[in-house]
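Heads up: the structure comes next, in C-alpha cells.
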Number of protein chains: 2
Amino acid sequence: MAQVIPGPLQDLIDALGQLPGVGPRTSERYAYYLLRSDRSKAQSILESIKKLHSGTKYCPKTFALIESGQDVSPLYSNPRRKKTIVAVVADPFDIVAIEKTNSFSGTYHVLGGLVSPIDNVGPEHLHINELINRVDADKVEELILATNASIEGESTALLIMQKLEGKPLKITRLARGISVGMDLEYADQITLTRAFEGRQLM
Amino acid sequence: MAQVIPGPLQDLIDALGQLPGVGPRTSERYAYYLLRSDRSKAQSILESIKKLHSGTKYCPKTFALIESGQDVSPLYSNPRRKKTIVAVVADPFDIVAIEKTNSFSGTYHVLGGLVSPIDNVGPEHLHINELINRVDADKVEELILATNASIEGESTALLIMQKLEGKPLKITRLARGISVGMDLEYADQITLTRAFEGRQLM
C-alpha cells in the first residue's frame, strides 16, 4: 500500500491524525482537502501554527491564555472587573463559555486541569498555590468554584475548599440542576437529586 | 469577546475551521490541543503542510497523486499491472479503496472529480480527453467505470460512454446491489431495483 499514497501526503495524514478525535478517514479527508484546495488555505494553517506557541503565553496571575505582548490578562487588569470575586475554572476555554453569558463581572483563575489520578494529574500540577496567594493578595471575598460537574471537577473543588479552610472568604460553586429546556423525565438521578437539594423559593 | 482568546490562537481556530466538516467547537478543540501538547505535534503538522504541495504532484498519465520525484504513478509503470484494463475513478483516494481489496490488477485513471452542474464542474474540468487518448495509446480492452453510485457518478459514467462510442473496447461499471451484510428490508428502492436487474446465476 505504501506506493498508493505519496509520502508527503501520508506524512500529513499521520500528523493530522494526532489531533483529538481524528481517525484515519477524517485525517485523509483533511489532508486531501488541503492538497486540492487553493494553497492559501494550507498557508493560513501553516502561518497560524507557526505563531501559535510564540504568540501566546499564560497570564502569570490568572493563567488565562494571553498574547505574548501582554503582561497580564485584560480580564484581570480591566478596572471594571472585581478582583475580589474570582471564578476558578479548569481550562482557558471555560472562560470563553462564561464570558458568553455576560453575567459575570469578577476575574478568573485557571487551574490548568482537574485532579485526575487516572491521568496522573495531582494537585501539584494545578495552579492551586497561586490561587491561595491570590486570595490573600487580592483580598478575595468570594471564590466561585466553576469546575465541571464531573467526579474530577467535584473532587478538585473539594480539595481547594479544604486548602482554604479558615480563610475569611465565601466559597460557592455553580448551581447543579435541570438544564434549561430539559424535560424532568430525561434528567439523570444525580442531577435530579442535586436539583432537589438546591431548590429555590419562587 | 475579542480579548478573551488571544489573537494567535484565534487565528489558528479560524484557519482550522476551514477544514471540511470542522465547526467552531471542533476547531477550538484542535487548536487548544496543539497549544497544550508538546510542541513536536504542532511541528509535525507544520512540516508536513510545508512539504505537501511541493512534495506531491499528479501523474501525467493517470492523474493519481505521486511524489514529485516520480515520473509516473508506480501503479502505472509496474509491468505486472495490465495497461489494457483501466479503472476510471473520480478521486485519487478511490484508488486506495480499490487497492485495499487486492482484487484489481489493471491500471487507474483519475478524473479529478465528477460532472456536477451545481458545483460548476463540467466535463471540460475532468481528465476525460486524456482518458480517450490513453484508450488509443494503450490499446485499452476494458474500461471499468468505477465512479460513485450517485447522480454525479452515473452521469459522468454515461458521458464517458458516449464519448467512447464506436471504439472497440468493453465498457463496464461496478455492480450495484445490496451491500454485503445488509438486510434486504433496509435497502432503498433504487438499490433493490438495481440488485434485481443485476441478479446473477448461482
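Here's how to read the names in the C-alpha cells: chain A, B, ... by the order shown, residue numbers from 1 in each chain, ligand numbers from 1 in the order shown.
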Quick one: residues within 9 Å of region 49-64 of chain A, only C-alpha atoms, excluding same-chain residues fewer than 5 positions away - as a PDB file with C-alpha atoms, in the first residue's frame?
```
ATOM      1  CA  SER A  44      -3.062  30.086   6.648  1.00  0.00           C
ATOM      2  CA  GLY A  69       2.964  41.082  24.229  1.00  0.00           C
ATOM      3  CA  GLN A  70       0.598  41.374  27.168  1.00  0.00           C
ATOM      4  CA  ASP A  71       1.752  41.451  30.807  1.00  0.00           C
ATOM      5  CA  VAL A  72      -1.415  40.176  32.347  1.00  0.00           C
ATOM      6  CA  SER A  73      -4.883  39.072  31.178  1.00  0.00           C
ATOM      7  CA  LEU A  75      -9.855  40.368  32.056  1.00  0.00           C
ATOM      8  CA  TYR A  76      -7.730  40.839  35.169  1.00  0.00           C
ATOM      9  CA  ASP A  91      -9.270  25.352  31.302  1.00  0.00           C
ATOM     10  CA  PRO A  92      -8.838  28.664  29.477  1.00  0.00           C
ATOM     11  CA  PHE A  93     -11.781  27.903  27.195  1.00  0.00           C
ATOM     12  CA  ILE A  95     -13.567  31.482  30.420  1.00  0.00           C
ATOM     13  CA  THR A 107     -11.966  37.828  37.497  1.00  0.00           C
ATOM     14  CA  TYR A 108     -10.808  34.310  36.654  1.00  0.00           C
ATOM     15  CA  HIS A 109      -8.279  31.793  37.826  1.00  0.00           C
ATOM     16  CA  VAL A 110      -7.398  28.918  35.533  1.00  0.00           C
ATOM     17  CA  LEU A 111      -6.278  25.750  37.286  1.00  0.00           C
ATOM     18  CA  GLY A 112      -4.825  24.214  34.141  1.00  0.00           C
ATOM     19  CA  HIS A 127      -2.253  26.343  39.875  1.00  0.00           C
ATOM     20  CA  GLU A 130      -1.042  30.556  43.059  1.00  0.00           C
ATOM     21  CA  LEU A 131      -4.773  30.707  43.768  1.00  0.00           C
ATOM     22  CA  ARG A 134      -4.135  35.478  45.074  1.00  0.00           C
TER      23      ARG A 134
ATOM     24  CA  VAL B   4     -10.887  36.507  25.719  1.00  0.00           C
ATOM     25  CA  ILE B   5      -8.993  34.380  23.180  1.00  0.00           C
ATOM     26  CA  PRO B   6      -5.511  35.632  22.273  1.00  0.00           C
ATOM     27  CA  GLY B   7      -5.111  36.612  18.614  1.00  0.00           C
ATOM     28  CA  PRO B   8      -2.673  33.901  17.514  1.00  0.00           C
ATOM     29  CA  LEU B   9      -4.897  31.201  18.983  1.00  0.00           C
ATOM     30  CA  ASP B  11      -6.131  32.760  14.023  1.00  0.00           C
ATOM     31  CA  LEU B  12      -5.431  29.050  14.275  1.00  0.00           C
ATOM     32  CA  ALA B  31      -6.188  24.470  18.384  1.00  0.00           C
ATOM     33  CA  LEU B  34      -1.987  21.784  19.796  1.00  0.00           C
ATOM     34  CA  LEU B  35      -1.251  24.650  22.156  1.00  0.00           C
ATOM     35  CA  ARG B  39       5.459  21.401  20.506  1.00  0.00           C
ATOM     36  CA  ALA B  42       2.356  21.189  16.064  1.00  0.00           C
ATOM     37  CA  GLN B  43       5.793  20.969  14.456  1.00  0.00           C
ATOM     38  CA  ILE B  45       1.817  19.221  11.193  1.00  0.00           C
ATOM     39  CA  LEU B  46       3.744  22.344  10.255  1.00  0.00           C
TER      40      LEU B  46
END
```
Quick one: residues within 10 Å of Asn148 (chain B), only C-alpha atoms, excluding same-chain residues fewer than 5 positions away - as a CSV table (one decimal) with all heavy atoms, in the first residue's frame?
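Here's the written file out.csv:
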```csv
chain,number,residue,atom,x,y,z
B,89,VAL,N,-11.7,6.4,-12.0
B,89,VAL,CA,-12.3,6.8,-10.7
B,89,VAL,C,-12.3,8.3,-10.6
B,89,VAL,O,-11.7,9.0,-11.4
B,89,VAL,CB,-11.4,6.3,-9.5
B,89,VAL,CG1,-11.4,4.7,-9.4
B,89,VAL,CG2,-9.9,6.8,-9.6
B,90,ALA,N,-13.1,8.8,-9.7
B,90,ALA,CA,-13.2,10.3,-9.5
B,90,ALA,C,-12.0,10.9,-8.8
B,90,ALA,O,-11.5,11.9,-9.3
B,90,ALA,CB,-14.5,10.6,-8.8
B,94,ASP,N,-9.9,7.1,-4.2
B,94,ASP,CA,-10.7,5.9,-4.6
B,94,ASP,C,-9.8,4.8,-5.0
B,94,ASP,O,-10.1,3.6,-4.8
B,94,ASP,CB,-11.6,6.3,-5.8
B,94,ASP,CG,-12.7,7.3,-5.5
B,94,ASP,OD1,-13.1,7.3,-4.4
B,94,ASP,OD2,-13.1,8.1,-6.4
B,114,LEU,N,-16.3,14.7,-10.5
B,114,LEU,CA,-17.4,14.2,-11.3
B,114,LEU,C,-18.2,15.4,-11.8
B,114,LEU,O,-18.2,16.5,-11.3
B,114,LEU,CB,-18.3,13.4,-10.3
B,114,LEU,CG,-17.7,12.1,-9.8
B,114,LEU,CD1,-18.6,11.5,-8.7
B,114,LEU,CD2,-17.5,11.0,-10.9
B,153,GLY,N,-22.0,10.5,-10.3
B,153,GLY,CA,-21.2,9.4,-10.7
B,153,GLY,C,-21.8,8.7,-11.9
B,153,GLY,O,-21.1,8.4,-12.9
B,154,GLU,N,-23.1,8.6,-11.9
B,154,GLU,CA,-23.8,7.9,-13.0
B,154,GLU,C,-23.7,8.8,-14.3
B,154,GLU,O,-23.5,8.2,-15.4
B,154,GLU,CB,-25.3,7.7,-12.7
B,154,GLU,CG,-25.5,6.8,-11.4
B,154,GLU,CD,-25.3,5.3,-11.8
B,154,GLU,OE1,-25.2,4.9,-12.9
B,154,GLU,OE2,-25.1,4.5,-10.8
B,156,THR,N,-21.6,11.1,-15.1
B,156,THR,CA,-20.2,11.1,-15.6
B,156,THR,C,-19.9,9.8,-16.3
B,156,THR,O,-19.3,9.9,-17.4
B,156,THR,CB,-19.2,11.3,-14.4
B,156,THR,OG1,-19.6,12.5,-13.6
B,156,THR,CG2,-17.8,11.6,-15.0
B,157,ALA,N,-20.3,8.7,-15.8
B,157,ALA,CA,-20.1,7.4,-16.5
B,157,ALA,C,-20.8,7.4,-17.8
B,157,ALA,O,-20.2,7.0,-18.8
B,157,ALA,CB,-20.6,6.3,-15.6
B,174,LEU,N,-19.1,-0.8,-12.0
B,174,LEU,CA,-19.1,-1.7,-10.8
B,174,LEU,C,-20.6,-2.1,-10.6
B,174,LEU,O,-21.5,-1.4,-10.9
B,174,LEU,CB,-18.7,-0.9,-9.6
B,174,LEU,CG,-17.3,-0.4,-9.6
B,174,LEU,CD1,-16.9,0.3,-8.3
B,174,LEU,CD2,-16.3,-1.6,-9.8
```
Handout entry: Who sits within 12 Å of Thr172 (chain B), only C-alpha atoms, same chain under 4 positions skipped, as a PyMOL selection string
Key = chain B and resi 85-88+141-147+157-158+160-161+176
Would you write out those residues with all heavy atoms, as a compact mmCIF listing (two decimals), in the first residue's frame?
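That gives us out_23.txt:
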```txt
# COMPACT_ATOMS: atom_id res chain seq x y z
N ILE B 85 -6.41 -2.80 -19.08
CA ILE B 85 -7.62 -2.72 -18.25
C ILE B 85 -7.48 -1.47 -17.38
O ILE B 85 -6.51 -1.34 -16.63
CB ILE B 85 -7.78 -3.96 -17.35
CG1 ILE B 85 -7.86 -5.22 -18.22
CG2 ILE B 85 -9.02 -3.83 -16.47
CD1 ILE B 85 -8.00 -6.49 -17.41
N VAL B 86 -8.43 -0.56 -17.51
CA VAL B 86 -8.32 0.72 -16.80
C VAL B 86 -9.57 0.95 -15.95
O VAL B 86 -10.69 0.91 -16.46
CB VAL B 86 -8.15 1.88 -17.79
CG1 VAL B 86 -8.13 3.22 -17.05
CG2 VAL B 86 -6.87 1.72 -18.61
N ALA B 87 -9.35 1.19 -14.65
CA ALA B 87 -10.46 1.57 -13.78
C ALA B 87 -10.51 3.09 -13.72
O ALA B 87 -9.52 3.73 -13.37
CB ALA B 87 -10.27 0.99 -12.39
N VAL B 88 -11.65 3.66 -14.06
CA VAL B 88 -11.80 5.11 -14.06
C VAL B 88 -12.45 5.53 -12.74
O VAL B 88 -13.54 5.09 -12.41
CB VAL B 88 -12.69 5.56 -15.24
CG1 VAL B 88 -12.89 7.06 -15.23
CG2 VAL B 88 -12.07 5.11 -16.56
N GLU B 141 -8.53 -2.53 -23.53
CA GLU B 141 -9.56 -3.51 -23.89
C GLU B 141 -10.79 -3.41 -23.00
O GLU B 141 -11.90 -3.70 -23.43
CB GLU B 141 -8.97 -4.93 -23.79
CG GLU B 141 -7.96 -5.20 -24.90
CD GLU B 141 -7.05 -6.38 -24.59
OE1 GLU B 141 -7.33 -7.10 -23.60
OE2 GLU B 141 -6.06 -6.57 -25.32
N GLU B 142 -10.56 -3.04 -21.72
CA GLU B 142 -11.71 -2.88 -20.84
C GLU B 142 -11.56 -1.63 -19.99
O GLU B 142 -10.51 -1.38 -19.40
CB GLU B 142 -11.88 -4.10 -19.91
CG GLU B 142 -13.11 -3.93 -19.03
CD GLU B 142 -13.40 -5.12 -18.13
OE1 GLU B 142 -12.64 -6.11 -18.17
OE2 GLU B 142 -14.39 -5.06 -17.38
N LEU B 143 -12.66 -0.86 -19.96
CA LEU B 143 -12.70 0.34 -19.14
C LEU B 143 -13.75 0.08 -18.07
O LEU B 143 -14.92 -0.13 -18.38
CB LEU B 143 -13.14 1.52 -20.02
CG LEU B 143 -12.64 2.91 -19.67
CD1 LEU B 143 -11.12 2.96 -19.75
CD2 LEU B 143 -13.25 3.92 -20.63
N ILE B 144 -13.32 0.08 -16.81
CA ILE B 144 -14.28 -0.14 -15.72
C ILE B 144 -14.63 1.21 -15.13
O ILE B 144 -13.76 1.89 -14.55
CB ILE B 144 -13.67 -1.04 -14.62
CG1 ILE B 144 -13.20 -2.36 -15.25
CG2 ILE B 144 -14.67 -1.29 -13.51
CD1 ILE B 144 -12.35 -3.21 -14.33
N LEU B 145 -15.86 1.66 -15.30
CA LEU B 145 -16.24 2.96 -14.78
C LEU B 145 -16.57 2.81 -13.29
O LEU B 145 -17.67 2.42 -12.92
CB LEU B 145 -17.43 3.51 -15.56
CG LEU B 145 -17.12 3.71 -17.06
CD1 LEU B 145 -18.36 4.15 -17.82
CD2 LEU B 145 -16.00 4.71 -17.26
N ALA B 146 -15.57 3.10 -12.46
CA ALA B 146 -15.70 2.89 -11.02
C ALA B 146 -16.03 4.20 -10.32
O ALA B 146 -15.36 4.60 -9.37
CB ALA B 146 -14.43 2.26 -10.46
N THR B 147 -17.06 4.87 -10.81
CA THR B 147 -17.46 6.13 -10.17
C THR B 147 -18.51 5.84 -9.10
O THR B 147 -19.07 4.76 -9.05
CB THR B 147 -18.05 7.10 -11.21
OG1 THR B 147 -19.04 6.39 -11.98
CG2 THR B 147 -16.97 7.59 -12.16
N ALA B 157 -20.33 8.72 -15.81
CA ALA B 157 -20.10 7.43 -16.46
C ALA B 157 -20.78 7.40 -17.84
O ALA B 157 -20.17 6.99 -18.84
CB ALA B 157 -20.60 6.29 -15.58
N LEU B 158 -22.02 7.88 -17.86
CA LEU B 158 -22.76 7.91 -19.13
C LEU B 158 -22.05 8.76 -20.17
O LEU B 158 -21.92 8.39 -21.34
CB LEU B 158 -24.16 8.50 -18.90
CG LEU B 158 -25.24 7.48 -18.56
CD1 LEU B 158 -26.55 8.18 -18.26
CD2 LEU B 158 -25.40 6.50 -19.74
N ILE B 160 -18.90 9.52 -20.38
CA ILE B 160 -17.68 8.87 -20.87
C ILE B 160 -18.04 7.80 -21.90
O ILE B 160 -17.40 7.66 -22.94
CB ILE B 160 -16.86 8.28 -19.69
CG1 ILE B 160 -16.35 9.43 -18.82
CG2 ILE B 160 -15.71 7.43 -20.19
CD1 ILE B 160 -15.64 8.98 -17.56
N MET B 161 -19.11 7.05 -21.58
CA MET B 161 -19.57 6.02 -22.52
C MET B 161 -19.88 6.62 -23.88
O MET B 161 -19.48 6.09 -24.93
CB MET B 161 -20.82 5.35 -21.98
CG MET B 161 -20.55 3.98 -21.40
SD MET B 161 -22.11 3.21 -20.94
CE MET B 161 -22.92 3.03 -22.53
N ARG B 176 -24.02 -2.79 -8.97
CA ARG B 176 -24.83 -2.16 -7.92
C ARG B 176 -25.66 -3.26 -7.28
O ARG B 176 -26.16 -4.15 -7.98
CB ARG B 176 -25.80 -1.14 -8.53
CG ARG B 176 -25.24 0.26 -8.65
CD ARG B 176 -24.23 0.35 -9.77
NE ARG B 176 -23.87 1.72 -10.05
CZ ARG B 176 -22.68 2.25 -9.79
NH1 ARG B 176 -21.74 1.50 -9.25
NH2 ARG B 176 -22.43 3.49 -10.08
```
With a distance cut-off of 10 Å and only C-alpha atoms, select the neighbouring residues of Arg199 (chain B), excluding the residue or stretch itself and same-chain residues fewer than 5 positions from it, and output the selection as an mmCIF file with C-alpha atoms, in the first residue's frame.
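Contents of selection_3.cif, as written:
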```cif
data_model
loop_
_atom_site.group_PDB
_atom_site.id
_atom_site.type_symbol
_atom_site.label_atom_id
_atom_site.label_comp_id
_atom_site.auth_asym_id
_atom_site.auth_seq_id
_atom_site.Cartn_x
_atom_site.Cartn_y
_atom_site.Cartn_z
ATOM 1 C CA ALA B 175 -22.065 -3.892 -9.855
ATOM 2 C CA ARG B 176 -24.826 -2.157 -7.925
ATOM 3 C CA GLY B 177 -26.635 -4.238 -5.344
ATOM 4 C CA THR B 193 -34.153 -2.417 -8.243
ATOM 5 C CA ARG B 194 -30.508 -2.468 -9.353
#
```
Exercise for the section: as a VMD selection string, list the residues of region 47-167 of chain A assigned to alpha helix (DSSP H) by DSSP on the backbone atoms of this structure. Expected result: chain A and resid 47 to 55 74 to 77 92 to 101 128 to 137 151 to 163
Exercise for the section: Could you check which of A:Arg25, A:Lys163, A:Arg173, A:Lys83 is closest to chain B, using only C-alpha atoms? Expected result: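 Nearest candidate to chain B out of A:Arg25, A:Lys163, A:Arg173, A:Lys83: A:Arg25.
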